[in-house]
Amino acid sequence: MKQINDSLGAASPAEIRAIFGENLRKLCIRTGSIAALCRELKINRTQFNRYLSGESFPRPDVLAKICLHFNIDARILLQPVETLENHEMSDLLASELGPFLDLKSARVGTDNLPSGFYRFSRKSFLESDRFIQGLILIYRKGNLTFGRGMEAKEAMRQQGLPVDRHAREFKGLFVQQEGGITAVMSRRGSLTVSFNYLSKVPSFENNYWVGYATRTVPEAINATRATRMVYEYIGPFGKDVLDAARLAGFCDVTKLRPYHQTLLQMSKPFQ
């Protein structure tokens with residue numbers, strides 16, 4: 001309640017009315033008929049229109065009716081409705097999965113996976129005789145570790161998908177587990193999802209990780225759903241990153257970096 005009061009003190013009445021009106025319009029889109037909604041809530045339609053336009057906001061008892069109907073709280077006066085629903089989802093996930101997937105105890109240390117750019121390579125899920133080279137940025141916000149990259153344009157075209165940056169972008173969350181690092185990667189709207197596992201490779205430069213990637217699709221004849229994958233740490237943005245970006249996409253095995261070929265063990269079937 002103190003947080004709400006503090007926010008109310010920082011916002012002008014006109015700003016509060018505008019935020020509430022915008023939120024109410026978004027919520028009403030889901031209900032269909034505004035007239036039916038007003039009848040159900042027993043709110044005068046003319047007055048309700050004034051809420052929608054940001055001309056006024058409701059008395060506490062009317063606000064309580066609206067919040068109860070939409071299963072939302074009084075922060076509807078202060079914050080975009082999307083952020084409120086995201087907070088609710090986060091709270092539910094924490095209460096249900098907190099004891100099992102404790103992100104605080106599963107933080108990925110920078111000694112295990114430094115922040116910066118990585119070159120990765122793996123066998124193509126779409127063409128069994130070709131490989132994919134890509135680039136991913138590992139970054140941190142708060143105590144969490146995230147990854148961001150772009151799908152290859154050719155792979156998007158083969159699936160009949162758009163090739164603009166918005167459609168190609170994927171992000172994921174990295175979590176430390178015993179013996180390695182796991183990540184769940186997804187494009188917007190969970191359009192495609194993959195699961196990755198990595199473990200550090202003992203090497204002189206200490207900048208390689210090997211593991212596997214799995215594609216979350218139904219089983220099909222002659223289709224690959226799991227394959228080995230290599231990550232190579234490049235570092236902060238610079239010439240090496242630009243060079244890796246230019247090579248991103250489909251390639252033959254001969255175009256892979258020699259040590260990537262060694263780690264991918266192409267002559268051995270994936271177990």
# chains A, B, ... in the order shown; residues from 1 in each chain; ligands from 1
$ select_by_dssp --residues "range 16-65 of chain A" --states "helix (DSSP H, G or I)" --output "PyMOL selection string"
chain A and resi 16-29+34-41+45-53+60-65
$ residues_around --residues "range 169-182 of chain A" --least-positions-apart "2" --cutoff "9 Å" --atoms "only C-alpha atoms" --output "compact mmCIF listing (two decimals) with N, CA and C atoms, in the first residue's frame"
# COMPACT_ATOMS: atom_id res chain seq x y z
N LEU A 103 15.97 -19.92 -8.61
CA LEU A 103 16.87 -19.14 -9.45
C LEU A 103 17.97 -18.46 -8.64
N SER A 105 19.61 -19.74 -6.05
CA SER A 105 20.70 -20.68 -5.81
C SER A 105 21.27 -21.23 -7.11
N ALA A 106 20.61 -20.93 -8.24
CA ALA A 106 21.06 -21.44 -9.54
C ALA A 106 21.68 -20.33 -10.38
N ARG A 107 22.18 -19.30 -9.74
CA ARG A 107 22.83 -18.22 -10.48
C ARG A 107 24.06 -18.73 -11.21
N VAL A 108 24.25 -18.23 -12.42
CA VAL A 108 25.40 -18.62 -13.23
C VAL A 108 26.52 -17.61 -12.99
N GLY A 109 27.60 -18.05 -12.40
CA GLY A 109 28.72 -17.15 -12.12
C GLY A 109 29.48 -16.78 -13.38
N ASN A 112 31.93 -19.24 -14.64
CA ASN A 112 31.40 -20.39 -15.37
C ASN A 112 30.90 -20.04 -16.76
N LEU A 113 30.42 -18.80 -16.93
CA LEU A 113 29.91 -18.35 -18.23
C LEU A 113 30.02 -16.82 -18.25
N ILE A 138 25.52 -13.22 -24.24
CA ILE A 138 25.17 -13.57 -22.87
C ILE A 138 25.29 -12.30 -22.03
N LEU A 144 20.26 -12.58 -12.61
CA LEU A 144 19.91 -13.57 -13.62
C LEU A 144 20.77 -13.42 -14.87
N THR A 145 20.93 -14.53 -15.59
CA THR A 145 21.76 -14.58 -16.79
C THR A 145 20.88 -14.89 -17.99
N PHE A 146 20.98 -14.06 -19.02
CA PHE A 146 20.13 -14.20 -20.20
C PHE A 146 20.98 -14.33 -21.46
N GLY A 147 20.35 -14.81 -22.53
CA GLY A 147 21.00 -14.88 -23.83
C GLY A 147 20.09 -14.29 -24.89
N ARG A 148 20.70 -13.71 -25.93
CA ARG A 148 19.93 -13.09 -27.01
C ARG A 148 20.66 -13.32 -28.32
N GLY A 149 19.90 -13.68 -29.36
CA GLY A 149 20.50 -13.89 -30.67
C GLY A 149 19.48 -13.80 -31.77
N MET A 150 19.91 -14.12 -32.99
CA MET A 150 19.05 -14.07 -34.17
C MET A 150 19.10 -15.41 -34.90
N GLU A 151 17.92 -15.93 -35.26
CA GLU A 151 17.86 -17.14 -36.08
C GLU A 151 18.41 -16.82 -37.48
N ASP A 164 12.46 -10.71 -40.84
CA ASP A 164 12.84 -9.44 -40.23
C ASP A 164 13.44 -9.70 -38.84
N ARG A 165 14.12 -8.72 -38.31
CA ARG A 165 14.83 -8.87 -37.04
C ARG A 165 13.87 -9.21 -35.90
N HIS A 166 12.68 -8.60 -35.91
CA HIS A 166 11.70 -8.84 -34.85
C HIS A 166 11.30 -10.32 -34.81
N ALA A 167 11.10 -10.93 -35.98
CA ALA A 167 10.69 -12.33 -36.04
C ALA A 167 11.84 -13.28 -35.73
N VAL A 184 16.79 -22.35 -21.56
CA VAL A 184 15.58 -22.48 -22.37
C VAL A 184 15.52 -21.26 -23.27
N MET A 185 15.53 -21.48 -24.58
CA MET A 185 15.56 -20.40 -25.55
C MET A 185 14.25 -20.37 -26.32
N SER A 186 13.75 -19.17 -26.63
CA SER A 186 12.47 -19.06 -27.32
C SER A 186 12.42 -17.81 -28.18
N ARG A 187 11.70 -17.92 -29.30
CA ARG A 187 11.36 -16.73 -30.06
C ARG A 187 10.10 -16.12 -29.48
N ARG A 188 9.74 -14.91 -29.91
CA ARG A 188 8.58 -14.21 -29.36
C ARG A 188 7.31 -15.07 -29.44
N THR A 192 8.90 -20.84 -31.29
CA THR A 192 9.79 -22.01 -31.27
C THR A 192 10.54 -21.98 -29.95
N PHE A 195 15.78 -26.41 -25.82
CA PHE A 195 16.45 -26.63 -24.54
C PHE A 195 17.92 -26.86 -24.83
N ASN A 196 18.79 -26.17 -24.11
CA ASN A 196 20.24 -26.31 -24.30
C ASN A 196 20.91 -26.75 -23.01
N TYR A 197 21.96 -27.55 -23.16
CA TYR A 197 22.80 -27.95 -22.02
C TYR A 197 24.26 -27.74 -22.41
N LEU A 198 25.05 -27.15 -21.51
CA LEU A 198 26.45 -26.86 -21.78
C LEU A 198 27.32 -27.23 -20.58
N SER A 199 28.54 -27.68 -20.85
CA SER A 199 29.53 -27.85 -19.78
C SER A 199 30.87 -27.35 -20.32
N LYS A 200 31.68 -26.79 -19.42
CA LYS A 200 32.95 -26.18 -19.84
C LYS A 200 33.94 -27.25 -20.26
N GLY A 211 27.94 -29.27 -25.41
CA GLY A 211 26.72 -29.85 -24.85
C GLY A 211 25.81 -30.26 -25.98
$ residues_around --residues "range 120-131 of chain A" --least-positions-apart "6" --cutoff "8 Å" --atoms "only C-alpha atoms" --output "number ranges by chain"
A: 155, 215, 223-232, 250-253, 256, 260, 264
$ write_last_selection --atoms "N, CA and C atoms" --output "short mmCIF file (atom, residue, chain, number, x, y, z; two decimals), in the first residue's frame"
data_model
loop_
_atom_site.label_atom_id
_atom_site.label_comp_id
_atom_site.auth_asym_id
_atom_site.auth_seq_id
_atom_site.Cartn_x
_atom_site.Cartn_y
_atom_site.Cartn_z
N ALA A 155 17.09 -20.40 -42.44
CA ALA A 155 16.29 -21.34 -41.65
C ALA A 155 14.86 -20.83 -41.49
N ARG A 215 15.28 -29.66 -30.01
CA ARG A 215 14.21 -28.93 -30.67
C ARG A 215 12.87 -29.49 -30.20
N ALA A 223 13.93 -36.72 -39.04
CA ALA A 223 14.05 -35.36 -38.51
C ALA A 223 14.92 -35.39 -37.25
N THR A 224 15.80 -34.40 -37.14
CA THR A 224 16.69 -34.31 -35.98
C THR A 224 16.05 -33.45 -34.91
N ARG A 225 16.02 -33.95 -33.69
CA ARG A 225 15.46 -33.18 -32.58
C ARG A 225 16.48 -32.90 -31.49
N ALA A 226 17.66 -33.54 -31.54
CA ALA A 226 18.70 -33.31 -30.55
C ALA A 226 20.06 -33.49 -31.22
N THR A 227 20.97 -32.58 -30.93
CA THR A 227 22.29 -32.64 -31.57
C THR A 227 23.31 -31.93 -30.69
N ARG A 228 24.59 -32.33 -30.85
CA ARG A 228 25.65 -31.68 -30.09
C ARG A 228 25.78 -30.21 -30.49
N MET A 229 26.28 -29.42 -29.55
CA MET A 229 26.44 -27.99 -29.80
C MET A 229 27.70 -27.49 -29.09
N VAL A 230 28.37 -26.52 -29.69
CA VAL A 230 29.58 -25.92 -29.14
C VAL A 230 29.37 -24.42 -28.97
N TYR A 231 29.79 -23.90 -27.83
CA TYR A 231 29.86 -22.45 -27.60
C TYR A 231 31.33 -22.07 -27.49
N GLU A 232 31.70 -20.97 -28.14
CA GLU A 232 33.06 -20.43 -28.04
C GLU A 232 32.97 -18.97 -27.62
N PHE A 250 23.68 -21.22 -42.39
CA PHE A 250 24.00 -22.58 -42.79
C PHE A 250 25.41 -22.65 -43.38
N CYS A 251 26.07 -23.79 -43.19
CA CYS A 251 27.39 -24.00 -43.79
C CYS A 251 27.67 -25.49 -43.88
N ASP A 252 28.68 -25.86 -44.67
CA ASP A 252 29.17 -27.24 -44.72
C ASP A 252 30.14 -27.45 -43.56
N VAL A 253 30.39 -28.70 -43.23
CA VAL A 253 31.26 -29.01 -42.10
C VAL A 253 32.65 -28.42 -42.27
N LEU A 256 33.31 -25.00 -40.65
CA LEU A 256 33.36 -24.84 -39.20
C LEU A 256 34.80 -24.65 -38.74
N HIS A 260 35.85 -26.63 -33.32
CA HIS A 260 34.41 -26.90 -33.28
C HIS A 260 34.14 -28.28 -33.89
N LEU A 264 32.40 -31.39 -31.85
CA LEU A 264 31.10 -31.89 -32.32
C LEU A 264 31.13 -33.38 -32.64
#
$ atom_distance --atom1 "CA of Phe57 in chain A" --atom2 "CA of Asn23 in chain A"
11.8 Å
$ atom_distance --atom1 "CA of Lys239 in chain A" --atom2 "CA of Phe117 in chain A"
11.5 Å
$ residues_around --residues "Leu41 in chain A" --least-positions-apart "2" --cutoff "9 Å" --atoms "only C-alpha atoms" --output "PDB file with C-alpha atoms, in the first residue's frame"
ATOM      1  CA  ALA A  36     -23.319  -5.510 -20.970  1.00  0.00           C
ATOM      2  CA  LEU A  37     -20.320  -4.851 -18.738  1.00  0.00           C
ATOM      3  CA  CYS A  38     -21.915  -1.680 -17.368  1.00  0.00           C
ATOM      4  CA  ARG A  39     -25.135  -3.558 -16.637  1.00  0.00           C
ATOM      5  CA  ILE A  43     -22.261   1.447 -13.483  1.00  0.00           C
ATOM      6  CA  ASN A  44     -23.858   4.286 -15.460  1.00  0.00           C
ATOM      7  CA  VAL A  62     -16.724   1.521  -7.934  1.00  0.00           C
ATOM      8  CA  LYS A  65     -16.100  -3.505  -8.448  1.00  0.00           C
ATOM      9  CA  ILE A  66     -13.975  -3.025 -11.563  1.00  0.00           C
ATOM     10  CA  HIS A  69     -14.513  -8.138 -12.142  1.00  0.00           C
TER      11      HIS A  69
END
$ residues_around --residues "Ala245 in chain A" --least-positions-apart "4" --cutoff "8 Å" --atoms "only C-alpha atoms" --output "PyMOL selection string"
chain A and resi 134-135+241
$ closest_residue --among "A:Asp111, A:Tyr208, A:Leu27, A:Leu52" --to "Asn71 in chain A" --atoms "only C-alpha atoms"
A:Leu27
$ closest_residue --among "A:Leu137, A:Ala35, A:Ile72, A:Leu77" --to "Gly21 in chain A" --atoms "only C-alpha atoms"
A:Leu77
$ atom_distance --atom1 "CA of Val201 in chain A" --atom2 "CA of Tyr139 in chain A"
20.6 Å
$ select_by_dssp --residues "range 31-269 of chain A" --states "strand (DSSP E)" --output "VMD selection string"
chain A and resid 116 to 123 131 to 141 144 to 150 169 to 177 180 to 187 193 to 200 208 to 215 226 to 235 249 to 251
$ write_last_selection --atoms "C-alpha atoms" --output "PDB file, in the first residue's frame"
ATOM      1  CA  GLY A 116      29.806 -11.203 -23.780  1.00  0.00           C
ATOM      2  CA  PHE A 117      29.468 -12.652 -27.276  1.00  0.00           C
ATOM      3  CA  TYR A 118      29.733 -16.346 -28.143  1.00  0.00           C
ATOM      4  CA  ARG A 119      30.071 -18.145 -31.462  1.00  0.00           C
ATOM      5  CA  PHE A 120      28.053 -21.365 -31.502  1.00  0.00           C
ATOM      6  CA  SER A 121      27.802 -24.242 -33.951  1.00  0.00           C
ATOM      7  CA  ARG A 122      25.674 -27.368 -34.240  1.00  0.00           C
ATOM      8  CA  LYS A 123      24.167 -29.680 -36.817  1.00  0.00           C
ATOM      9  CA  PHE A 131      25.529 -27.132 -39.969  1.00  0.00           C
ATOM     10  CA  ILE A 132      24.490 -23.881 -38.321  1.00  0.00           C
ATOM     11  CA  GLN A 133      26.893 -21.216 -37.114  1.00  0.00           C
ATOM     12  CA  GLY A 134      25.488 -18.429 -34.988  1.00  0.00           C
ATOM     13  CA  LEU A 135      26.177 -15.668 -32.536  1.00  0.00           C
ATOM     14  CA  ILE A 136      24.651 -15.192 -29.106  1.00  0.00           C
ATOM     15  CA  LEU A 137      25.089 -12.464 -26.509  1.00  0.00           C
ATOM     16  CA  ILE A 138      25.175 -13.573 -22.868  1.00  0.00           C
ATOM     17  CA  TYR A 139      24.232 -10.755 -20.502  1.00  0.00           C
ATOM     18  CA  ARG A 140      23.085 -10.240 -16.937  1.00  0.00           C
ATOM     19  CA  LYS A 141      20.291  -8.294 -15.299  1.00  0.00           C
ATOM     20  CA  LEU A 144      19.907 -13.569 -13.621  1.00  0.00           C
ATOM     21  CA  THR A 145      21.757 -14.576 -16.793  1.00  0.00           C
ATOM     22  CA  PHE A 146      20.129 -14.196 -20.203  1.00  0.00           C
ATOM     23  CA  GLY A 147      20.996 -14.883 -23.828  1.00  0.00           C
ATOM     24  CA  ARG A 148      19.934 -13.089 -27.010  1.00  0.00           C
ATOM     25  CA  GLY A 149      20.505 -13.890 -30.666  1.00  0.00           C
ATOM     26  CA  MET A 150      19.049 -14.070 -34.167  1.00  0.00           C
ATOM     27  CA  GLU A 169      15.134 -12.617 -32.442  1.00  0.00           C
ATOM     28  CA  PHE A 170      15.295 -15.218 -29.675  1.00  0.00           C
ATOM     29  CA  LYS A 171      16.044 -14.931 -25.967  1.00  0.00           C
ATOM     30  CA  GLY A 172      16.599 -17.354 -23.133  1.00  0.00           C
ATOM     31  CA  LEU A 173      17.383 -17.861 -19.452  1.00  0.00           C
ATOM     32  CA  PHE A 174      20.551 -19.643 -18.285  1.00  0.00           C
ATOM     33  CA  VAL A 175      20.553 -21.586 -15.011  1.00  0.00           C
ATOM     34  CA  GLN A 176      23.425 -23.285 -13.189  1.00  0.00           C
ATOM     35  CA  GLN A 177      22.923 -26.926 -12.302  1.00  0.00           C
ATOM     36  CA  GLY A 180      26.709 -27.835 -16.192  1.00  0.00           C
ATOM     37  CA  ILE A 181      24.480 -25.007 -17.383  1.00  0.00           C
ATOM     38  CA  THR A 182      20.992 -25.284 -18.858  1.00  0.00           C
ATOM     39  CA  ALA A 183      19.076 -22.764 -20.944  1.00  0.00           C
ATOM     40  CA  VAL A 184      15.581 -22.482 -22.369  1.00  0.00           C
ATOM     41  CA  MET A 185      15.564 -20.397 -25.553  1.00  0.00           C
ATOM     42  CA  SER A 186      12.471 -19.064 -27.325  1.00  0.00           C
ATOM     43  CA  ARG A 187      11.358 -16.725 -30.063  1.00  0.00           C
ATOM     44  CA  VAL A 193      11.432 -23.267 -28.089  1.00  0.00           C
ATOM     45  CA  SER A 194      14.674 -25.176 -27.556  1.00  0.00           C
ATOM     46  CA  PHE A 195      16.452 -26.626 -24.545  1.00  0.00           C
ATOM     47  CA  ASN A 196      20.241 -26.308 -24.302  1.00  0.00           C
ATOM     48  CA  TYR A 197      22.799 -27.945 -22.024  1.00  0.00           C
ATOM     49  CA  LEU A 198      26.454 -26.859 -21.777  1.00  0.00           C
ATOM     50  CA  SER A 199      29.534 -27.855 -19.783  1.00  0.00           C
ATOM     51  CA  LYS A 200      32.946 -26.176 -19.843  1.00  0.00           C
ATOM     52  CA  TYR A 208      34.834 -23.447 -24.937  1.00  0.00           C
ATOM     53  CA  TRP A 209      31.643 -25.150 -23.806  1.00  0.00           C
ATOM     54  CA  VAL A 210      30.135 -28.291 -25.307  1.00  0.00           C
ATOM     55  CA  GLY A 211      26.724 -29.853 -24.854  1.00  0.00           C
ATOM     56  CA  TYR A 212      23.584 -30.294 -26.895  1.00  0.00           C
ATOM     57  CA  ALA A 213      20.477 -28.539 -28.165  1.00  0.00           C
ATOM     58  CA  THR A 214      17.028 -30.076 -28.419  1.00  0.00           C
ATOM     59  CA  ARG A 215      14.207 -28.927 -30.668  1.00  0.00           C
ATOM     60  CA  ALA A 226      18.703 -33.312 -30.554  1.00  0.00           C
ATOM     61  CA  THR A 227      22.287 -32.640 -31.566  1.00  0.00           C
ATOM     62  CA  ARG A 228      25.653 -31.676 -30.090  1.00  0.00           C
ATOM     63  CA  MET A 229      26.439 -27.988 -29.798  1.00  0.00           C
ATOM     64  CA  VAL A 230      29.577 -25.924 -29.137  1.00  0.00           C
ATOM     65  CA  TYR A 231      29.857 -22.455 -27.598  1.00  0.00           C
ATOM     66  CA  GLU A 232      33.058 -20.430 -28.037  1.00  0.00           C
ATOM     67  CA  TYR A 233      33.541 -17.265 -25.996  1.00  0.00           C
ATOM     68  CA  ILE A 234      34.610 -14.322 -28.164  1.00  0.00           C
ATOM     69  CA  GLY A 235      34.317 -11.450 -25.693  1.00  0.00           C
ATOM     70  CA  GLY A 249      23.844 -19.218 -41.013  1.00  0.00           C
ATOM     71  CA  PHE A 250      24.001 -22.579 -42.794  1.00  0.00           C
ATOM     72  CA  CYS A 251      27.390 -23.997 -43.792  1.00  0.00           C
TER      73      CYS A 251
END
$ closest_residue --among "A:Ser33, A:Asn143, A:Ser190, A:Ser56" --to "Ala14 in chain A" --atoms "only C-alpha atoms"
A:Ser56
